[in-house]
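What's in structure_26.txt: compact mmCIF, C-alpha atoms
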# COMPACT_ATOMS: atom_id res chain seq x y z
CA MET A 1 -3.89 25.87 11.96
CA GLN A 2 -0.54 26.58 13.58
CA ASP A 3 -1.46 24.35 16.56
CA LEU A 4 -2.41 21.50 14.21
CA LYS A 5 0.92 21.79 12.36
CA ARG A 6 2.86 21.78 15.62
CA ASN A 7 0.87 18.83 16.97
CA ALA A 8 1.31 16.89 13.70
CA TYR A 9 5.05 17.58 13.97
CA PHE A 10 5.15 16.05 17.47
CA ALA A 11 3.13 13.06 16.27
CA GLY A 12 5.69 12.62 13.50
CA VAL A 13 8.52 12.82 16.03
CA LEU A 14 6.88 10.10 18.17
CA LEU A 15 6.41 7.82 15.15
CA LEU A 16 9.95 8.52 13.95
CA ALA A 17 11.27 7.65 17.42
CA MET A 18 9.41 4.32 17.30
CA TRP A 19 10.92 3.52 13.90
CA LEU A 20 14.43 4.59 14.97
CA VAL A 21 14.24 2.45 18.11
CA TRP A 22 13.21 -0.51 15.94
CA LEU A 23 16.07 0.17 13.51
CA VAL A 24 18.61 0.42 16.33
CA ASP A 25 17.21 -2.73 17.95
CA ALA A 26 17.50 -4.59 14.64
CA THR A 27 21.13 -3.58 14.14
CA ILE A 28 22.84 -3.68 17.53
CA PRO A 29 23.66 -6.84 19.47
CA PHE A 30 21.78 -5.67 22.58
CA ASP A 31 18.08 -6.57 22.74
CA LEU A 32 16.12 -3.40 23.49
CA ARG A 33 13.00 -5.47 24.19
CA SER A 34 14.40 -5.96 27.68
CA TRP A 35 13.29 -2.35 28.30
CA GLY A 36 9.64 -3.38 28.07
CA LEU A 37 7.15 -3.20 30.91
CA VAL A 38 7.30 -6.10 33.35
CA PRO A 39 4.47 -5.83 35.88
CA ARG A 40 5.29 -5.47 39.58
CA SER A 41 9.05 -5.43 39.03
CA LEU A 42 11.38 -2.52 39.67
CA TRP A 43 13.34 -3.18 36.45
CA GLY A 44 10.05 -3.15 34.51
CA LEU A 45 8.94 0.21 35.89
CA PRO A 46 10.70 2.31 33.19
CA GLY A 47 8.70 0.27 30.68
CA ILE A 48 5.68 2.40 31.52
CA VAL A 49 7.16 5.05 29.21
CA THR A 50 9.53 2.97 27.04
CA MET A 51 7.03 0.23 26.10
CA PRO A 52 5.33 2.24 23.29
CA LEU A 53 8.68 2.75 21.55
CA ILE A 54 9.80 -0.90 21.49
CA HIS A 55 8.42 -3.45 19.00
CA ASP A 56 8.96 -7.11 18.22
CA GLY A 57 9.74 -6.79 14.52
CA ILE A 58 8.63 -4.82 11.50
CA GLY A 59 5.16 -6.40 11.35
CA HIS A 60 4.43 -5.43 14.94
CA LEU A 61 5.63 -1.90 14.28
CA LEU A 62 3.52 -1.55 11.12
CA ARG A 63 0.38 -2.83 12.89
CA ASN A 64 0.80 -0.04 15.46
CA THR A 65 1.96 2.74 13.12
CA VAL A 66 -1.15 3.04 10.94
CA PRO A 67 -3.73 3.32 13.76
CA LEU A 68 -1.39 5.62 15.70
CA ILE A 69 -1.18 8.02 12.74
CA VAL A 70 -4.98 8.17 12.51
CA LEU A 71 -5.58 8.48 16.25
CA LEU A 72 -2.79 10.99 16.92
CA LEU A 73 -4.10 13.20 14.13
CA ILE A 74 -7.63 13.02 15.54
CA VAL A 75 -6.42 13.82 19.06
CA SER A 76 -4.21 16.62 17.72
CA GLY A 77 -7.08 18.05 15.70
CA THR A 78 -9.46 18.10 18.65
CA ARG A 79 -7.19 19.63 21.27
CA ARG A 80 -5.11 22.78 21.44
CA LYS A 81 -2.51 21.06 23.64
CA PRO A 82 -2.88 17.29 23.18
CA TRP A 83 0.50 16.15 24.48
CA PRO A 84 -0.20 16.42 28.22
CA THR A 85 -3.32 14.30 27.67
CA ILE A 86 -1.43 11.80 25.49
CA GLY A 87 1.23 11.64 28.21
CA MET A 88 -1.42 10.97 30.85
CA THR A 89 -2.84 8.22 28.63
CA VAL A 90 0.59 6.54 28.44
CA VAL A 91 1.29 6.87 32.17
CA PHE A 92 -2.19 5.84 33.36
CA GLY A 93 -2.41 2.87 30.99
CA GLY A 94 1.16 1.76 31.67
CA GLY A 95 0.71 2.25 35.41
CA LEU A 96 -2.43 0.09 35.41
CA LEU A 97 -0.60 -2.57 33.40
CA TRP A 98 2.33 -2.48 35.80
CA ILE A 99 -0.02 -2.96 38.77
CA PHE A 100 -2.55 -5.42 37.33
CA GLY A 101 -0.95 -6.99 34.25
CA ARG A 102 0.10 -10.60 33.97
CA TYR A 103 3.78 -11.26 34.50
CA ALA A 104 5.33 -10.90 31.03
CA ASN A 105 7.50 -8.46 29.11
CA HIS A 106 5.00 -6.10 27.48
CA ILE A 107 6.21 -4.08 24.47
CA GLY A 108 4.64 -2.08 21.67
CA ALA A 109 2.44 0.94 21.14
CA SER A 110 -0.85 -0.95 21.05
CA GLY A 111 -1.55 0.06 24.66
CA LEU A 112 -1.28 3.68 23.48
CA VAL A 113 -3.54 2.90 20.49
CA PHE A 114 -6.20 1.46 22.81
CA GLY A 115 -5.62 4.35 25.21
CA LEU A 116 -6.29 6.92 22.49
CA ILE A 117 -9.44 5.03 21.50
CA GLY A 118 -10.62 5.14 25.13
CA LEU A 119 -9.68 8.82 25.42
CA LEU A 120 -11.61 9.84 22.31
CA ILE A 121 -14.71 7.80 23.09
CA ALA A 122 -14.84 8.93 26.73
CA SER A 123 -14.19 12.57 25.76
CA GLY A 124 -17.13 12.47 23.38
CA PHE A 125 -19.51 11.54 26.15
CA LEU A 126 -17.92 13.75 28.81
CA HIS A 127 -17.97 16.95 26.75
CA LYS A 128 -21.46 16.43 25.31
CA ARG A 129 -20.73 18.52 22.23
CA ILE A 130 -21.89 17.46 18.79
CA ALA A 131 -18.32 17.43 17.39
CA SER A 132 -16.98 15.41 20.34
CA ILE A 133 -19.81 12.91 20.12
CA ALA A 134 -19.32 12.60 16.34
CA VAL A 135 -15.62 11.88 16.87
CA ALA A 136 -16.47 9.30 19.56
CA ILE A 137 -18.94 7.56 17.24
CA ALA A 138 -16.49 7.63 14.30
CA VAL A 139 -13.70 6.18 16.44
CA GLY A 140 -16.10 3.55 17.78
CA ILE A 141 -17.04 2.55 14.23
CA LEU A 142 -13.45 2.59 12.93
CA PHE A 143 -11.88 0.76 15.86
CA GLY A 144 -14.80 -1.05 17.54
CA GLY A 145 -13.86 -4.50 16.25
CA THR A 146 -10.23 -4.00 17.21
CA LEU A 147 -11.33 -2.82 20.63
CA ILE A 148 -13.57 -5.80 21.31
CA TRP A 149 -11.16 -8.48 20.07
CA GLY A 150 -8.06 -6.73 21.43
CA VAL A 151 -9.11 -6.87 25.09
CA LEU A 152 -10.06 -10.56 25.08
CA PRO A 153 -7.47 -13.01 26.43
CA ILE A 154 -7.05 -14.83 23.13
CA GLY A 155 -4.01 -15.19 20.95
CA GLU A 156 -0.57 -16.29 22.04
CA GLY A 157 1.87 -13.48 22.67
CA VAL A 158 -0.77 -10.71 22.51
CA SER A 159 -0.81 -8.27 25.39
CA TRP A 160 -4.59 -8.21 25.80
CA ASP A 161 -4.11 -6.90 29.32
CA GLY A 162 -1.97 -4.08 27.91
CA HIS A 163 -4.80 -3.26 25.51
CA LEU A 164 -7.38 -3.31 28.28
CA THR A 165 -5.35 -1.20 30.71
CA GLY A 166 -4.42 1.18 27.86
CA PHE A 167 -8.14 1.64 27.11
CA LEU A 168 -8.87 2.26 30.80
CA GLY A 169 -5.89 4.63 30.98
CA GLY A 170 -7.39 6.61 28.08
CA ILE A 171 -10.69 6.89 29.91
CA ALA A 172 -8.83 8.03 33.05
CA ALA A 173 -6.94 10.62 30.97
CA ALA A 174 -10.25 11.92 29.55
CA LEU A 175 -11.60 12.30 33.08
CA ALA A 176 -8.41 14.03 34.26
CA GLU A 177 -8.44 16.29 31.20
CA GLN A 178 -12.02 17.34 31.91
CA ARG A 179 -11.15 18.09 35.52
CA LEU A 180 -8.07 20.10 34.50
CA GLU A 181 -10.14 22.09 31.99
CA THR A 182 -12.39 23.31 34.78
CA ARG A 183 -9.45 24.27 37.01
CA LEU A 184 -6.82 25.54 34.55
CA PRO A 185 -8.02 28.05 31.94
CA GLY A 186 -5.03 27.37 29.65
CA PHE A 187 -5.87 23.66 29.43
CA LYS A 188 -9.04 24.19 27.34
CA ARG A 189 -9.76 21.99 24.34
CA GLN A 190 -10.48 23.60 20.99
Would you write the structure of this file as structure tokens?
Amino acid sequence: MQDLKRNAYFAGVLLLAMWLVWLVDATIPFDLRSWGLVPRSLWGLPGIVTMPLIHDGIGHLLRNTVPLIVLLLIVSGTRRKPWPTIGMTVVFGGGLLWIFGRYANHIGASGLVFGLIGLLIASGFLHKRIASIAVAIAVGILFGGTLIWGVLPIGEGVSWDGHLTGFLGGIAAALAEQRLETRLPGFKRQ
């Protein structure tokens, strides 16, 4: 229970940081969206980690906040130490976007949302435990439509490639997590 409280606290800190960045961006004359991820550019490289914090308005932020709350709580409830895996999801998904994404300024936490979906679904099949498979199926049912439509190149101004690479980054994080579990005893899931 203590781990879940601590993990929920960190999830709250991440969400609070997203909202504070939006508030600062809305009030200062400097446009923080310039800190987004721009593929294959040196100035866009920091965007791998800053992209999830930066949003293009309150609507964009709200559309990412609700699924992030749900997914972060699921990830936090299924892992003793979820933050290294969440960090890998951000870095792997952002790294893939930086390498393969179309040239644009990518911002928002939807890549992380899709990454957490990929992480949870892949973990369910990798761990082959009833609880993990049940979580994978539940996430698939809850977010399946979003997943399918989110990775298609439709809609102006939507980072479908960020969604796709985020999803693939989540799968890569699940694979890395499984490998670390076998090598590092302290990295075990719950």
Restricting the calculation to all atoms listed in the file: of A:Leu45, A:Leu14, A:Leu152, A:Leu164, which residue gets closest to Gly87 (chain A)? A:Leu14
Coordinates-based distance that separates CA of Asp56 (chain A) from CA of Gly36 (chain A) (Å, one decimal):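 Distance between the two atoms: 10.6 Å.
Using all atoms listed in the file for every distance, the candidate list A:Gly93, A:Gly108, A:Gly101, A:Pro67 yields A:Gly108 as the residue closest to Val21 (chain A).
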Computed gap from CA of Pro52 (chain A) to CA of Ile154 (chain A) is 21.1 Å
Might you pull out every residue within 8 Å of region 123-132 of chain A, with all atoms listed in the file counted and same-chain residues fewer than 3 positions away left off, and present them as a PyMOL selection string? chain A and resi 119-120+135-136+171+174-175+178
What does the structure give for the distance between CA of Trp160 (chain A) and CA of Gly12 (chain A), in Å to one decimal?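 So the answer is 26.3 Å.
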Contacts of region 73-83 of chain A at 12 Å or less, counting only C-alpha atoms, minus same-chain residues fewer than 2 places along, as number ranges by chain? A: 1-12, 14-15, 66-71, 85-90, 113, 115-121, 123-124, 127, 129, 131-136, 138-139, 170, 173-174, 177-178, 181, 186-190
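Shortest atom-to-atom contact with Ile107 (chain A) among A:Leu61, A:Val151, A:Leu37, A:Ile137: A:Leu37, counting all atoms listed in the file.
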Give the answer as one residue: which of A:Ser159, A:Thr50, A:Thr65, A:Thr182 has the shortest atom-to-atom distance to Tyr103 (chain A), using only C-alpha atoms?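 Among the listed residues, the smallest separation from Tyr103 (chain A) belongs to A:Ser159.
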Could you rebuild region 112-137 of chain A with N, CA, C and O atoms and give me the result as a short mmCIF file (atom, residue, chain, number, x, y, z; two decimals), keeping the file's coordinate frame?
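Result written to selection-v7.cif:
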data_model
loop_
_atom_site.label_atom_id
_atom_site.label_comp_id
_atom_site.auth_asym_id
_atom_site.auth_seq_id
_atom_site.Cartn_x
_atom_site.Cartn_y
_atom_site.Cartn_z
N LEU A 112 -1.00 2.27 23.79
CA LEU A 112 -1.28 3.68 23.48
C LEU A 112 -2.42 3.78 22.47
O LEU A 112 -3.29 4.65 22.60
N VAL A 113 -2.44 2.90 21.47
CA VAL A 113 -3.54 2.90 20.49
C VAL A 113 -4.87 2.72 21.21
O VAL A 113 -5.82 3.49 21.01
N PHE A 114 -4.95 1.71 22.07
CA PHE A 114 -6.20 1.46 22.81
C PHE A 114 -6.49 2.60 23.77
O PHE A 114 -7.65 2.94 24.01
N GLY A 115 -5.44 3.21 24.33
CA GLY A 115 -5.62 4.35 25.21
C GLY A 115 -6.22 5.55 24.48
O GLY A 115 -7.12 6.22 25.00
N LEU A 116 -5.75 5.80 23.26
CA LEU A 116 -6.29 6.92 22.49
C LEU A 116 -7.74 6.65 22.08
O LEU A 116 -8.56 7.57 22.04
N ILE A 117 -8.05 5.40 21.79
CA ILE A 117 -9.44 5.03 21.50
C ILE A 117 -10.32 5.33 22.72
O ILE A 117 -11.37 5.96 22.61
N GLY A 118 -9.87 4.88 23.89
CA GLY A 118 -10.62 5.14 25.13
C GLY A 118 -10.75 6.63 25.42
O GLY A 118 -11.82 7.11 25.80
N LEU A 119 -9.67 7.37 25.20
CA LEU A 119 -9.68 8.82 25.42
C LEU A 119 -10.71 9.50 24.53
O LEU A 119 -11.52 10.30 25.00
N LEU A 120 -10.71 9.17 23.25
CA LEU A 120 -11.61 9.84 22.31
C LEU A 120 -13.07 9.47 22.55
O LEU A 120 -13.95 10.33 22.47
N ILE A 121 -13.33 8.21 22.84
CA ILE A 121 -14.71 7.80 23.09
C ILE A 121 -15.22 8.43 24.39
O ILE A 121 -16.31 9.00 24.43
N ALA A 122 -14.42 8.35 25.45
CA ALA A 122 -14.84 8.93 26.73
C ALA A 122 -15.00 10.44 26.63
O ALA A 122 -15.96 11.01 27.17
N SER A 123 -14.10 11.12 25.92
CA SER A 123 -14.19 12.57 25.76
C SER A 123 -15.49 12.97 25.07
O SER A 123 -16.10 13.98 25.42
N GLY A 124 -15.89 12.17 24.09
CA GLY A 124 -17.13 12.47 23.38
C GLY A 124 -18.32 12.51 24.31
O GLY A 124 -19.18 13.40 24.20
N PHE A 125 -18.37 11.59 25.23
CA PHE A 125 -19.51 11.54 26.15
C PHE A 125 -19.36 12.52 27.31
O PHE A 125 -20.35 13.03 27.80
N LEU A 126 -18.13 12.80 27.71
CA LEU A 126 -17.92 13.75 28.81
C LEU A 126 -18.21 15.18 28.39
O LEU A 126 -18.75 15.96 29.17
N HIS A 127 -17.84 15.55 27.17
CA HIS A 127 -17.97 16.95 26.75
C HIS A 127 -19.35 17.26 26.19
O HIS A 127 -19.72 18.43 26.12
N LYS A 128 -20.07 16.26 25.76
CA LYS A 128 -21.46 16.43 25.31
C LYS A 128 -21.62 17.53 24.26
O LYS A 128 -22.59 18.27 24.27
N ARG A 129 -20.63 17.62 23.37
CA ARG A 129 -20.73 18.52 22.23
C ARG A 129 -20.90 17.68 20.98
O ARG A 129 -20.37 16.58 20.90
N ILE A 130 -21.60 18.21 20.02
CA ILE A 130 -21.89 17.46 18.79
C ILE A 130 -20.58 16.96 18.15
O ILE A 130 -20.48 15.79 17.78
N ALA A 131 -19.59 17.83 18.03
CA ALA A 131 -18.32 17.43 17.39
C ALA A 131 -17.63 16.31 18.18
O ALA A 131 -17.13 15.35 17.60
N SER A 132 -17.61 16.44 19.50
CA SER A 132 -16.98 15.41 20.34
C SER A 132 -17.71 14.08 20.24
O SER A 132 -17.08 13.02 20.17
N ILE A 133 -19.02 14.14 20.23
CA ILE A 133 -19.81 12.91 20.12
C ILE A 133 -19.62 12.28 18.74
O ILE A 133 -19.49 11.06 18.61
N ALA A 134 -19.56 13.11 17.69
CA ALA A 134 -19.32 12.60 16.34
C ALA A 134 -17.96 11.90 16.24
O ALA A 134 -17.84 10.83 15.64
N VAL A 135 -16.95 12.51 16.85
CA VAL A 135 -15.62 11.88 16.87
C VAL A 135 -15.68 10.56 17.62
O VAL A 135 -15.13 9.55 17.18
N ALA A 136 -16.35 10.54 18.77
CA ALA A 136 -16.47 9.30 19.56
C ALA A 136 -17.16 8.20 18.75
O ALA A 136 -16.71 7.05 18.75
N ILE A 137 -18.22 8.55 18.05
CA ILE A 137 -18.94 7.56 17.24
C ILE A 137 -18.06 7.08 16.08
O ILE A 137 -17.98 5.88 15.80
#
